[in-house]
Structures are given as structure tokens and as C-alpha cells.
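Notes to accompany the following structure.
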Amino acid sequence: MDAVDVWLADARVPESALPAMLALLDPDERRRHASIVHAIDRRRFIVAHAVTRRLVGAVLDAPPSELRWSHNPNGKPSLSGPYTGVEVNLSHSGDLVMVAVSPRRPVGVDLQRVVPALDCAAMARRFYPPAEAALVTGADGHERFAELWARKESLVKAAGARLTRGLATPVAGPAPVVVDHDGPFRIADLVAPDGFRAAVALAGAAPFTVTQHTDG
């Protein structure tokens with residue numbers, strides 16, 4: 001059975017750690033970092049991408065700074081260049097970073113903050129199929145909305161597709177769920193910190209196991 005490893009990391013690192021983390025990024029990542037307006041978002045970007053490089057480098061026994069990525073037309077990254085052999089996906093929400101590594105099958109991971117101030121019922125009516133929107137009600141509506149969104153976004157990221165279409169794909173039901181998105185994908189819920197929901201998706205209907213780690 002396929003096995004997926006998922007790491008959770010905290011982006012609230014000391015300022016003194018940032019220069020060494022920035023040094024791990026490639027030229028494209030540094031350009032993206034330089035274009036970010038707010039300091040807190042720049043820090044989160046550095047940490048998210050440096051942590052991903054360090055974790056993937058350890059899996060591949062590769063220097064983190066020498067990893068290279070290519071992107072499909074929808075922006076999905078995949079390893080390219082001399083160090084490949086695994087599928088990787090990254091998500092970050094607030095100060096938390098989540099990285100998933102799959103040995104073979106395309107993978108998507110998503111971490112979503114539960115936002116009590118959000119009009120989640122209206123958002124669900126706008127983006128979700130009617131049967132799913134009907135689930136986003138009551139006292140746990142915000143948690144339900146975030147859970148479904150995390151599933152949908154993990155699916156979209158595994159498929160390398162566009163989010164708007166993925167939001168219309170039904171993903172409700174007891175986890176894990178198998179859904180069709182130009183082919184089958186299996187989605188599992190992940191353990192997430194209080195106030196967050198998370199999910200991981202792999203291409204194909206076959207079962208897989210998940211091992212979750214805390215980084216740092």
C-alpha cells in the first residue's frame with residue numbers, strides 16, 4: 001500500500017534564522033519573495049519554502065538548495081532537474097506550514113483555518129454543489145465549511161487543476177472518499193491543530209496510509 005508522509009511546521013521562527021533559510025531558495029523563489037509587500041507574509045514564504053526544501057532534501061538525500069521545480073499551466077509545482085523521484089505538495093495557513101511527500105502518486109495537501117467571522121453558508125451556496133452547501137449550517141457550519149474546502153483544495157492540487165472547478169466537485173461523506181476529477185482521486189482527512197482543518201489527496205482510487213510528523 002502507498003504511504004504518504006505529512007509534516008506540520010511553525011513559521012514563527014527567530015529572525016536570526018531567516019537569512020540561512022532564504023539562502024536555500026532558488027532564484028525564482030527569491031524573486032517571488034521580494035515581490036511580497038508585507039513582512040509577515042515574506043517570513044511565512046521563506047519558512048514554508050525552506051522547510052519544504054529541507055524535508056524533501058532529506059528524503060532524496062539531496063542538497064536542499066539544489067532542488068528545482070517546474071510548474072504546469074495551472075501553477076502546480078513538481079520536482080525537476082537532477083533530484084526527482086517523489087511527489088511533493090505544500091500548504092500554509094497563517095503561521096502553519098504543511099508538506100506532503102508521496103513516493104509515486106501525485107499528491108495534494110491543504111490546511112485551512114476555521115474562520116468564525118466568515119459567512120460560510122453564503123460561501124458554500126456560491127461555490128459548493130447544493131447538497132454540500134446544505135451541510136454548512138448550524139453551530140458547526142464553519143468547521144464543516146473548512147473541512148470540505150480543505151478536501152476540495154487538496155484534490156485540485158493533486159490533480160494540478162483549477163480551484164473553481166474543484167470547488168464544484170462533491171467531496172462530502174465519511175473519509176476517506178474517492179471522487180472523480182478527470183480520473184479517480186482518494187482524499188483523507190488529516191489531524192490538524194485546533195482552529196484548522198486539513199486533508200490530503202492522492203491520484204488513483206487505491207488506499208494509502210498517512211504518517212503525520214511535527215517538524216522542528
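Residue numbers start at 1 in each chain; chains themselves are named A, B, ... in the order of the C-alpha cells; ligands are numbered from 1 in the order shown.
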
*asked:* If we count only C-alpha atoms and set the cut-off at 12 Å, which residues sit around segment 61-73 of chain A, ignoring sequence neighbours fewer than 2 positions away in its own chain? Please answer as a VMD selection string.
replied: chain A and resid 20 to 30 49 to 59 75 to 89 157 to 162

Exercise. How would you write, as a list in words, the set of residues in segment 19-162 of chain A that DSSP gives as strand (DSSP E or B)?
Worked result: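 The strand (DSSP E or B) residues within segment 19-162 of chain A come out as Arg68, Trp69, Ser70, His71, Pro77, Ser78, Leu79, Ser80, Glu87, Val88, Asn89, Leu90, Ser91, His92, Ser93, Leu96, Val97, Met98, Val99, Ala100, Val101, Ser102, Val107, Gly108, Val109, Asp110, Leu111, Gln112 and Arg113 of chain A.
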
_Run DSSP on the backbone and tell me which residues of segment 3-216 of chain A come out as alpha helix (DSSP H); list them as a PyMOL selection string._
chain A and resi 18-22+27-34+39-60+120-127+130-133+141-159+163-167

Could you make a table, as a tab-separated table, of the residues of segment 103-154 of chain A that have an atom within 8 Å of an atom of segment 203-213 of chain A, each with its nearest atom pair and distance in Å to one decimal, counting only C-alpha atoms, in chain and number order?
residue	atom	partner	partner_atom	distance
A:Arg105	CA	A:Ala203	CA	5.8
A:Pro106	CA	A:Ala203	CA	5.5
A:Val107	CA	A:Ala203	CA	6.7

Would you pick out the contacts of Val97 of chain A at 9 Å or less, using only C-alpha atoms, so that residues sharing its chain but fewer than 4 positions from it are not included, and give the list as a ChimeraX atom specification? /A:7-11,44,47-48,51-52,90-93,111

Atoms kept (N, CA, C and O atoms) for selection, written as an mmCIF file, in the first residue's frame:
data_model
loop_
_atom_site.group_PDB
_atom_site.id
_atom_site.type_symbol
_atom_site.label_atom_id
_atom_site.label_comp_id
_atom_site.auth_asym_id
_atom_site.auth_seq_id
_atom_site.Cartn_x
_atom_site.Cartn_y
_atom_site.Cartn_z
ATOM 1 N N TRP A 7 4.173 16.574 7.081
ATOM 2 C CA TRP A 7 4.816 17.307 8.169
ATOM 3 C C TRP A 7 4.079 18.607 8.434
ATOM 4 O O TRP A 7 3.611 19.283 7.503
ATOM 5 N N LEU A 8 3.998 18.971 9.716
ATOM 6 C CA LEU A 8 3.446 20.258 10.131
ATOM 7 C C LEU A 8 4.568 21.061 10.770
ATOM 8 O O LEU A 8 5.277 20.569 11.658
ATOM 9 N N ALA A 9 4.759 22.295 10.301
ATOM 10 C CA ALA A 9 5.817 23.159 10.823
ATOM 11 C C ALA A 9 5.235 24.512 11.185
ATOM 12 O O ALA A 9 4.194 24.931 10.663
ATOM 13 N N ASP A 10 5.919 25.210 12.089
ATOM 14 C CA ASP A 10 5.513 26.535 12.545
ATOM 15 C C ASP A 10 6.426 27.575 11.909
ATOM 16 O O ASP A 10 7.659 27.460 11.989
ATOM 17 N N ALA A 11 5.833 28.568 11.267
ATOM 18 C CA ALA A 11 6.626 29.598 10.591
ATOM 19 C C ALA A 11 7.133 30.677 11.530
ATOM 20 O O ALA A 11 7.858 31.576 11.096
ATOM 21 N N ARG A 44 6.684 34.140 6.257
ATOM 22 C CA ARG A 44 5.969 32.880 6.065
ATOM 23 C C ARG A 44 6.391 32.199 4.768
ATOM 24 O O ARG A 44 6.521 30.971 4.711
ATOM 25 N N VAL A 47 9.941 30.624 5.221
ATOM 26 C CA VAL A 47 9.921 29.417 6.051
ATOM 27 C C VAL A 47 9.243 28.265 5.326
ATOM 28 O O VAL A 47 9.750 27.131 5.323
ATOM 29 N N ALA A 48 8.111 28.528 4.690
ATOM 30 C CA ALA A 48 7.379 27.455 4.012
ATOM 31 C C ALA A 48 8.240 26.787 2.950
ATOM 32 O O ALA A 48 8.315 25.548 2.868
ATOM 33 N N VAL A 51 11.511 25.060 4.551
ATOM 34 C CA VAL A 51 11.153 23.812 5.226
ATOM 35 C C VAL A 51 10.868 22.715 4.200
ATOM 36 O O VAL A 51 11.314 21.565 4.346
ATOM 37 N N THR A 52 10.129 23.063 3.151
ATOM 38 C CA THR A 52 9.844 22.077 2.104
ATOM 39 C C THR A 52 11.133 21.550 1.493
ATOM 40 O O THR A 52 11.318 20.332 1.318
ATOM 41 N N LEU A 90 2.754 21.480 -0.934
ATOM 42 C CA LEU A 90 2.913 22.404 0.183
ATOM 43 C C LEU A 90 1.632 23.188 0.389
ATOM 44 O O LEU A 90 0.970 23.592 -0.574
ATOM 45 N N SER A 91 1.285 23.419 1.653
ATOM 46 C CA SER A 91 0.186 24.311 2.002
ATOM 47 C C SER A 91 0.600 25.125 3.214
ATOM 48 O O SER A 91 1.337 24.641 4.083
ATOM 49 N N HIS A 92 0.141 26.365 3.270
ATOM 50 C CA HIS A 92 0.358 27.125 4.505
ATOM 51 C C HIS A 92 -0.861 27.984 4.787
ATOM 52 O O HIS A 92 -1.530 28.483 3.871
ATOM 53 N N SER A 93 -1.160 28.126 6.053
ATOM 54 C CA SER A 93 -2.301 28.916 6.511
ATOM 55 C C SER A 93 -1.900 29.597 7.801
ATOM 56 O O SER A 93 -1.496 28.931 8.760
ATOM 57 N N LEU A 111 -4.294 22.926 4.154
ATOM 58 C CA LEU A 111 -4.531 23.304 5.550
ATOM 59 C C LEU A 111 -5.388 24.557 5.538
ATOM 60 O O LEU A 111 -5.017 25.561 4.910
#

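Reported to one decimal place, the separation of atom CA of Asp189 of chain A from atom CA of Ile46 of chain A is 26.6 Å.
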
Open item on the list: When you count only C-alpha atoms, which of these residues is closest to Met98 of chain A: A:Ala188, A:Cys120, A:Leu135, A:Ala198?
Closed with: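 Going through A:Ala188, A:Cys120, A:Leu135, A:Ala198 one by one, the smallest distance to Met98 of chain A is for A:Ala198.
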
(request) Would you mind listing what lies within 9 Å of Val177 of chain A as a list in words, with only C-alpha atoms counted and same-chain residues fewer than 5 positions away left out? (result)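 Result of the neighbour search: Val171, Ala172, Phe185, Arg186, Ile187, Ala188 and Ala205 of chain A.
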
Within 8 Å of Tyr128 of chain A using only C-alpha atoms, minus same-chain residues under 4 positions, as a ChimeraX atom specification: /A:123-124,132-133,167-170

The distance between atom CA of Gly108 of chain A and atom CA of Arg165 of chain A is 15.5 Å
